[in-house]
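Engineer: Let me give you the structure first, and then I'll get to my questions.
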Amino acid sequence: MADSTATVAVSTPSRSPQLGLVGRIRAAFMRSESFRGFSLLSPTMALMFIALAAPLAVLLTLSFWTQEYLTFIKEFSPSNYLAFFEKQIYPKILLKSLRISAMVTFATVLLAYPMAYFIAFRVKKNKLLWLILITVPFWTSYLLRVFAWKIVLGYNGVINSGLISLGILSEPLEFLLYNPTAVVITLAHAWAAFAILPIYVSLEKIDRSLLEAARDLGEGPFMTFVRVTLPLSMPGVIAASLLVFIPTVGDYVTPTLVGGPTGIMIGNIIQSMFGKAQNWPLGAALAVISMLVVTVAVCGFLWLTNNFRKRVA
Amino acid sequence: MSAGVSRRFDGFALYAIAYLIFIYLPVLFLPLFSFNDSIYIAFPLKGFTLEWYGKMVNNPGLIDALWNSVQIASGCAVLSTILGTLAAKSVTRYRLPGRGPLIGFIMIPLVIPSIIIGIALLILMSLGGIELSLFTIGLGHMLFCVPFSMLVMISRMEGFDKSMEEAAQDLGENAWGTFWRVTFPLVVPGVVASLLLTFTISFDEFVLAFFLSGTDVTLPVFIWSQLRFPNRLPAVLALGACILMASFVLVTFAEWFRRRGVQLKTSSGV
């Protein structure tokens, strides 16, 4: 559609000299590549403004309102933010969420790296098959994958009942489910593919002749990895870390199903504010604070890795 | 030397196989126990039964939820593939000022926690006086589906040469003819992959649907409501096994279609 209007616009100015200045500017504008590009992009941008930017703006606004019973008092007030610091439970749970997410990120990236390395460097045939095997579970239901771990780790679950029926245990292990470790294991499993793909892409991009050069210059396989492969794959590692860390901080499905009382995360609190607790403004403020803290954490992480890379180089 | 290389290969291969087991095994317990003749999800297995599948099929609430999910997912798949294709064409074919930040903006829904998007949309609907319905869920799902569709289509469109379109125009095709006879056939694998992937994303999405559903729920929200009742878990297992199977088939097909297409481009230059 944009193409046809542009073609018309291209031919009009030359044939109609009576076109005014405004018309000519308009014609030049229509002809320009960026106009055609933007018109193709505009439906998506409209969606993003209506369903992303506007709701986030409203969320921010609501976080400064207060609530009396079930009606909002639409006046600016920082009371929700003050409530966050007054009740020690909120900062504590937010910090715990950050810690759990950091552990998940570390575990996921550490486990994913050798796998990505294997696919990038060792698999010669059937690379496609390996990539598909890795990515397919990621697309399937998140809820069901988390639920599967509840079955595996439960008091009468797969591990306990399996070990008991094999005669290895006499009574079920209680520490498997309903604690932060269960949350970490489940999340690391659920986000595995998110970590493998960026690392794989950055490893695949590495010019193989650099590795040969390092070997020719006398580096062993291990030092070649440490001094060439690892630094060159850092962008993938960083991308993977962020892709896992940011979304997991707000997760509430996993803590609800496998976390128990000690595995509660900030997502659970936010969700309860929009559910049982019925305090939307406070929930909105908690969401805004969480996002800010995550942003600060991410910036700190990027600054650290950047400094580290400079020092190594 | 060669022995060393192969030994190292074996170490990595072993790790890779262990990793695949870690990824697949927990999920495989769902279908396993869905055939187990016991209300308890525990070893030892008691015997084979199809009872839970029967219970699943005879649950009207489930059928309604399934139908809701199919409607939303189909709508999202078609709409987001159209938007994603247009957007991908825009960023791959035209020089856009601010291209990077624009793409970054569209990708935001993929990196912020979905609970934030869920409550933000819920607040907007509530303050705007819009009643929660299947449409509000669909709108939320579009936020996830469009970026994924766009990523799929970008990798597909970067895979073929712009000069093919230019050649068609030089040979006298108009814009529509160029699109229909050159661009479209080249991007079809991407379109199919995008439709299948976005359908699956919307079909399996839980968090947004949880916040944005009114009286009509989607299948994942229905499952969530069933998890509280231990005696209904076996039927949930049966349902979960079916959903996993369906998602698995759809996505495998989509990924195969998509990545095969991308590989072709690197090997033959088309």
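Within each chain, counting starts at residue 1; across the structure tokens, chains are named A, B, ... in the order shown, with ligands numbered 1 upward in that order.
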How would you write, as a ChimeraX atom specification, the set of residues in stretch 153-269 of chain B that DSSP gives as alpha helix (DSSP H)?

Structural biologist: /B:153-157,162-170,175-178,184-204,207-212,219-226,233-268

Engineer: Quick one: write out the picked residues with C-alpha atoms as an mmCIF file, in the first residue's frame?

Structural biologist:
```cif
data_model
loop_
_atom_site.group_PDB
_atom_site.id
_atom_site.type_symbol
_atom_site.label_atom_id
_atom_site.label_comp_id
_atom_site.auth_asym_id
_atom_site.auth_seq_id
_atom_site.Cartn_x
_atom_site.Cartn_y
_atom_site.Cartn_z
ATOM 1 C CA MET B 153 10.444 -12.459 9.732
ATOM 2 C CA ILE B 154 13.576 -10.297 10.030
ATOM 3 C CA SER B 155 15.821 -13.359 9.903
ATOM 4 C CA ARG B 156 13.854 -14.613 6.903
ATOM 5 C CA MET B 157 13.938 -11.294 5.022
ATOM 6 C CA LYS B 162 16.947 -7.133 -2.131
ATOM 7 C CA SER B 163 18.069 -7.152 -5.767
ATOM 8 C CA MET B 164 15.530 -9.863 -6.535
ATOM 9 C CA GLU B 165 12.731 -7.429 -5.785
ATOM 10 C CA GLU B 166 14.494 -4.707 -7.741
ATOM 11 C CA ALA B 167 14.916 -7.060 -10.698
ATOM 12 C CA ALA B 168 11.185 -7.776 -10.696
ATOM 13 C CA GLN B 169 10.446 -4.052 -10.722
ATOM 14 C CA ASP B 170 12.952 -3.438 -13.511
ATOM 15 C CA ALA B 175 4.626 -2.970 -6.331
ATOM 16 C CA TRP B 176 1.806 -5.435 -5.743
ATOM 17 C CA GLY B 177 3.070 -7.845 -8.422
ATOM 18 C CA THR B 178 6.577 -7.697 -6.982
ATOM 19 C CA PHE B 184 5.787 -13.476 -0.746
ATOM 20 C CA PRO B 185 7.032 -16.859 -2.078
ATOM 21 C CA LEU B 186 10.427 -16.146 -0.555
ATOM 22 C CA VAL B 187 9.056 -15.345 2.897
ATOM 23 C CA VAL B 188 6.397 -18.088 3.071
ATOM 24 C CA PRO B 189 8.496 -20.353 5.317
ATOM 25 C CA GLY B 190 8.886 -17.444 7.738
ATOM 26 C CA VAL B 191 5.153 -16.742 7.656
ATOM 27 C CA VAL B 192 4.298 -20.382 8.405
ATOM 28 C CA ALA B 193 6.853 -20.514 11.227
ATOM 29 C CA SER B 194 5.550 -17.229 12.639
ATOM 30 C CA LEU B 195 1.916 -18.412 12.564
ATOM 31 C CA LEU B 196 2.764 -21.651 14.372
ATOM 32 C CA LEU B 197 5.038 -20.037 16.959
ATOM 33 C CA THR B 198 2.704 -17.163 17.797
ATOM 34 C CA PHE B 199 -0.238 -19.578 18.039
ATOM 35 C CA THR B 200 1.716 -21.652 20.550
ATOM 36 C CA ILE B 201 2.883 -18.620 22.551
ATOM 37 C CA SER B 202 -0.649 -17.317 22.934
ATOM 38 C CA PHE B 203 -2.123 -20.777 23.553
ATOM 39 C CA ASP B 204 0.327 -21.525 26.380
ATOM 40 C CA VAL B 207 0.381 -14.729 33.405
ATOM 41 C CA LEU B 208 -1.335 -12.130 31.207
ATOM 42 C CA ALA B 209 -4.393 -14.343 30.774
ATOM 43 C CA PHE B 210 -4.566 -14.713 34.558
ATOM 44 C CA PHE B 211 -4.796 -10.951 35.087
ATOM 45 C CA LEU B 212 -6.846 -10.072 32.019
ATOM 46 C CA LEU B 219 -6.885 -23.214 29.129
ATOM 47 C CA PRO B 220 -3.793 -22.341 31.247
ATOM 48 C CA VAL B 221 -5.966 -20.293 33.645
ATOM 49 C CA PHE B 222 -8.364 -23.231 33.846
ATOM 50 C CA ILE B 223 -5.453 -25.554 34.692
ATOM 51 C CA TRP B 224 -4.263 -23.135 37.373
ATOM 52 C CA SER B 225 -7.713 -23.196 38.988
ATOM 53 C CA GLN B 226 -7.660 -27.018 39.011
ATOM 54 C CA LEU B 233 -4.629 -33.572 39.385
ATOM 55 C CA PRO B 234 -4.680 -36.788 37.311
ATOM 56 C CA ALA B 235 -7.104 -35.189 34.846
ATOM 57 C CA VAL B 236 -4.820 -32.117 34.737
ATOM 58 C CA LEU B 237 -1.933 -34.465 33.930
ATOM 59 C CA ALA B 238 -3.905 -35.931 31.026
ATOM 60 C CA LEU B 239 -4.725 -32.463 29.761
ATOM 61 C CA GLY B 240 -1.142 -31.300 30.252
ATOM 62 C CA ALA B 241 0.165 -34.292 28.329
ATOM 63 C CA CYS B 242 -2.127 -33.425 25.404
ATOM 64 C CA ILE B 243 -1.140 -29.732 25.441
ATOM 65 C CA LEU B 244 2.579 -30.558 25.606
ATOM 66 C CA MET B 245 2.223 -33.000 22.730
ATOM 67 C CA ALA B 246 0.333 -30.486 20.566
ATOM 68 C CA SER B 247 2.773 -27.648 21.365
ATOM 69 C CA PHE B 248 5.714 -29.936 20.715
ATOM 70 C CA VAL B 249 4.477 -30.952 17.268
ATOM 71 C CA LEU B 250 3.555 -27.388 16.239
ATOM 72 C CA VAL B 251 6.821 -25.875 17.418
ATOM 73 C CA THR B 252 9.048 -28.611 16.036
ATOM 74 C CA PHE B 253 7.428 -28.106 12.662
ATOM 75 C CA ALA B 254 7.778 -24.306 12.936
ATOM 76 C CA GLU B 255 11.425 -24.408 14.000
ATOM 77 C CA TRP B 256 12.308 -26.942 11.335
ATOM 78 C CA PHE B 257 10.602 -24.843 8.699
ATOM 79 C CA ARG B 258 12.218 -21.620 9.856
ATOM 80 C CA ARG B 259 15.759 -22.738 10.483
ATOM 81 C CA ARG B 260 15.887 -24.894 7.376
ATOM 82 C CA GLY B 261 14.995 -21.776 5.425
ATOM 83 C CA VAL B 262 17.767 -19.768 7.083
ATOM 84 C CA GLN B 263 20.295 -22.495 6.406
ATOM 85 C CA LEU B 264 19.389 -22.605 2.736
ATOM 86 C CA LYS B 265 20.267 -18.946 2.435
ATOM 87 C CA THR B 266 23.740 -19.392 3.855
ATOM 88 C CA SER B 267 24.528 -22.434 1.749
ATOM 89 C CA SER B 268 23.167 -21.391 -1.626
#
```

Engineer: Any idea what's packed within 8 Å of stretch 119-131 of chain B, counting only C-alpha atoms, ignoring anything in its chain fewer than 3 positions away? Could you give it as a PyMOL selection string?

Structural biologist: (chain A and resi 51-52+54-56+58-59+274+284) or (chain B and resi 115-116+140+211-212+214)

Engineer: Using the selection just defined, write its residues with C-alpha atoms as a PDB file, in the first residue's frame.

Structural biologist:
```
ATOM      1  CA  ALA A  51      -0.871  -1.819  24.940  1.00  0.00           C
ATOM      2  CA  LEU A  52       2.577  -1.090  26.363  1.00  0.00           C
ATOM      3  CA  ALA A  54      -0.019   3.743  27.876  1.00  0.00           C
ATOM      4  CA  PRO A  55      -0.493   0.971  30.464  1.00  0.00           C
ATOM      5  CA  LEU A  56       2.980   1.568  31.899  1.00  0.00           C
ATOM      6  CA  VAL A  58      -1.051   4.498  33.946  1.00  0.00           C
ATOM      7  CA  LEU A  59       0.771   2.076  36.253  1.00  0.00           C
ATOM      8  CA  PHE A 274      -4.223  -7.195  42.845  1.00  0.00           C
ATOM      9  CA  ALA A 284       1.637  -0.580  41.359  1.00  0.00           C
TER      10      ALA A 284
ATOM     11  CA  ILE B 115       3.445  -9.614  35.715  1.00  0.00           C
ATOM     12  CA  ILE B 116       4.280  -5.922  35.195  1.00  0.00           C
ATOM     13  CA  GLY B 140      -2.077  -8.664  25.896  1.00  0.00           C
ATOM     14  CA  PHE B 211      -4.796 -10.951  35.087  1.00  0.00           C
ATOM     15  CA  LEU B 212      -6.846 -10.072  32.019  1.00  0.00           C
ATOM     16  CA  GLY B 214     -13.043 -11.952  32.991  1.00  0.00           C
TER      17      GLY B 214
END
```

Engineer: So which one's closest to chain B, A:Leu60, A:Leu197, A:Met234, A:Val158? Using only C-alpha atoms, please.

Structural biologist: A:Val158

Engineer: Give the answer as one residue: which of B:Cys145, B:Leu171, B:Leu50, B:Val182 has the shortest atom-to-atom distance to chain A, using only C-alpha atoms?

Structural biologist: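 Of B:Cys145, B:Leu171, B:Leu50, B:Val182, the one nearest chain A is B:Cys145, counting only C-alpha atoms.
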
Engineer: Go through B:Val111, B:Ala18, B:Leu151, B:Leu134 one by one, measure the shortest atom-to-atom distance of each to chain A using only C-alpha atoms, and give the residue with the smallest value.

Structural biologist: B:Val111

Engineer: So that I can check the secondary structure, give me every residue of stretch 40-284 of chain A assigned strand (DSSP E or B) by backbone DSSP, as a ChimeraX atom specification.

Structural biologist: /A:66-68,71-73

Engineer: Near A:Leu176, within 12 Å and counting only C-alpha atoms, which residues show up once chain neighbours fewer than 4 positions away are dropped, as a PDB file with C-alpha atoms, in the first residue's frame?

Structural biologist:
```
ATOM      1  CA  TRP A 149       8.777 -29.969  38.978  1.00  0.00           C
ATOM      2  CA  LYS A 150       6.133 -29.961  41.675  1.00  0.00           C
ATOM      3  CA  ILE A 151       5.432 -33.573  40.714  1.00  0.00           C
ATOM      4  CA  VAL A 152       9.130 -34.430  40.655  1.00  0.00           C
ATOM      5  CA  LEU A 153      10.112 -32.781  43.960  1.00  0.00           C
ATOM      6  CA  GLY A 154       6.908 -33.269  45.978  1.00  0.00           C
ATOM      7  CA  TYR A 155       6.648 -35.014  49.344  1.00  0.00           C
ATOM      8  CA  ASN A 156       5.021 -37.980  47.615  1.00  0.00           C
ATOM      9  CA  GLY A 157       6.635 -36.995  44.336  1.00  0.00           C
ATOM     10  CA  VAL A 158       8.703 -38.787  41.736  1.00  0.00           C
ATOM     11  CA  ILE A 159      12.040 -38.597  43.539  1.00  0.00           C
ATOM     12  CA  ASN A 160      10.752 -39.515  46.994  1.00  0.00           C
ATOM     13  CA  PRO A 172      10.399 -39.081  52.116  1.00  0.00           C
ATOM     14  CA  PRO A 180      14.171 -21.273  47.589  1.00  0.00           C
ATOM     15  CA  THR A 181      16.348 -24.087  46.200  1.00  0.00           C
ATOM     16  CA  ALA A 182      13.323 -25.661  44.551  1.00  0.00           C
ATOM     17  CA  VAL A 183      12.562 -22.255  42.989  1.00  0.00           C
ATOM     18  CA  VAL A 184      16.120 -21.954  41.681  1.00  0.00           C
ATOM     19  CA  ILE A 185      16.112 -25.455  40.150  1.00  0.00           C
ATOM     20  CA  THR A 186      12.719 -24.987  38.541  1.00  0.00           C
ATOM     21  CA  VAL A 258       7.182 -24.885  44.426  1.00  0.00           C
ATOM     22  CA  GLY A 259       8.434 -22.077  46.705  1.00  0.00           C
ATOM     23  CA  GLY A 260       6.391 -22.539  49.848  1.00  0.00           C
TER      24      GLY A 260
END
```

Engineer: Which residue gives the smallest distance to A:Val249 among A:Leu95, A:Phe225, A:Glu219, A:Ser165, with only C-alpha atoms counted?

Structural biologist: A:Leu95

Engineer: Can you pull out every residue within 9 Å of A:Asn268, counting only C-alpha atoms, but drop anything in the same chain fewer than 6 positions away, and send it as an MDAnalysis selection string?

Structural biologist: chainID A and resid 250:253 255:256

Engineer: Dump C-alpha atoms for the selected residues as a PDB file, in the first residue's frame?

Structural biologist:
```
ATOM      1  CA  GLY A 250       9.010 -10.821  38.744  1.00  0.00           C
ATOM      2  CA  ASP A 251       8.001 -14.450  38.423  1.00  0.00           C
ATOM      3  CA  TYR A 252       5.214 -15.604  40.712  1.00  0.00           C
ATOM      4  CA  VAL A 253       4.100 -18.870  39.105  1.00  0.00           C
ATOM      5  CA  PRO A 255       7.325 -19.477  43.820  1.00  0.00           C
ATOM      6  CA  THR A 256       3.591 -20.149  44.200  1.00  0.00           C
TER       7      THR A 256
END
```

Engineer: Calculate how many Å separate atom CA of B:Trp52 from atom CA of A:Ser141, rounding to one decimal.

Structural biologist: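 A separation of 20.0 Å between them.
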
Engineer: Can you work out which one of B:Pro230, B:Pro31, B:Gly54, B:Pro97 has the shortest atom-to-atom distance to chain A, counting only C-alpha atoms?

Structural biologist: B:Pro97

Engineer: Find the distance between atom CA of B:Leu20 and atom CA of A:Ala239 and write it in Å to one decimal.

Structural biologist: 22.2 Å
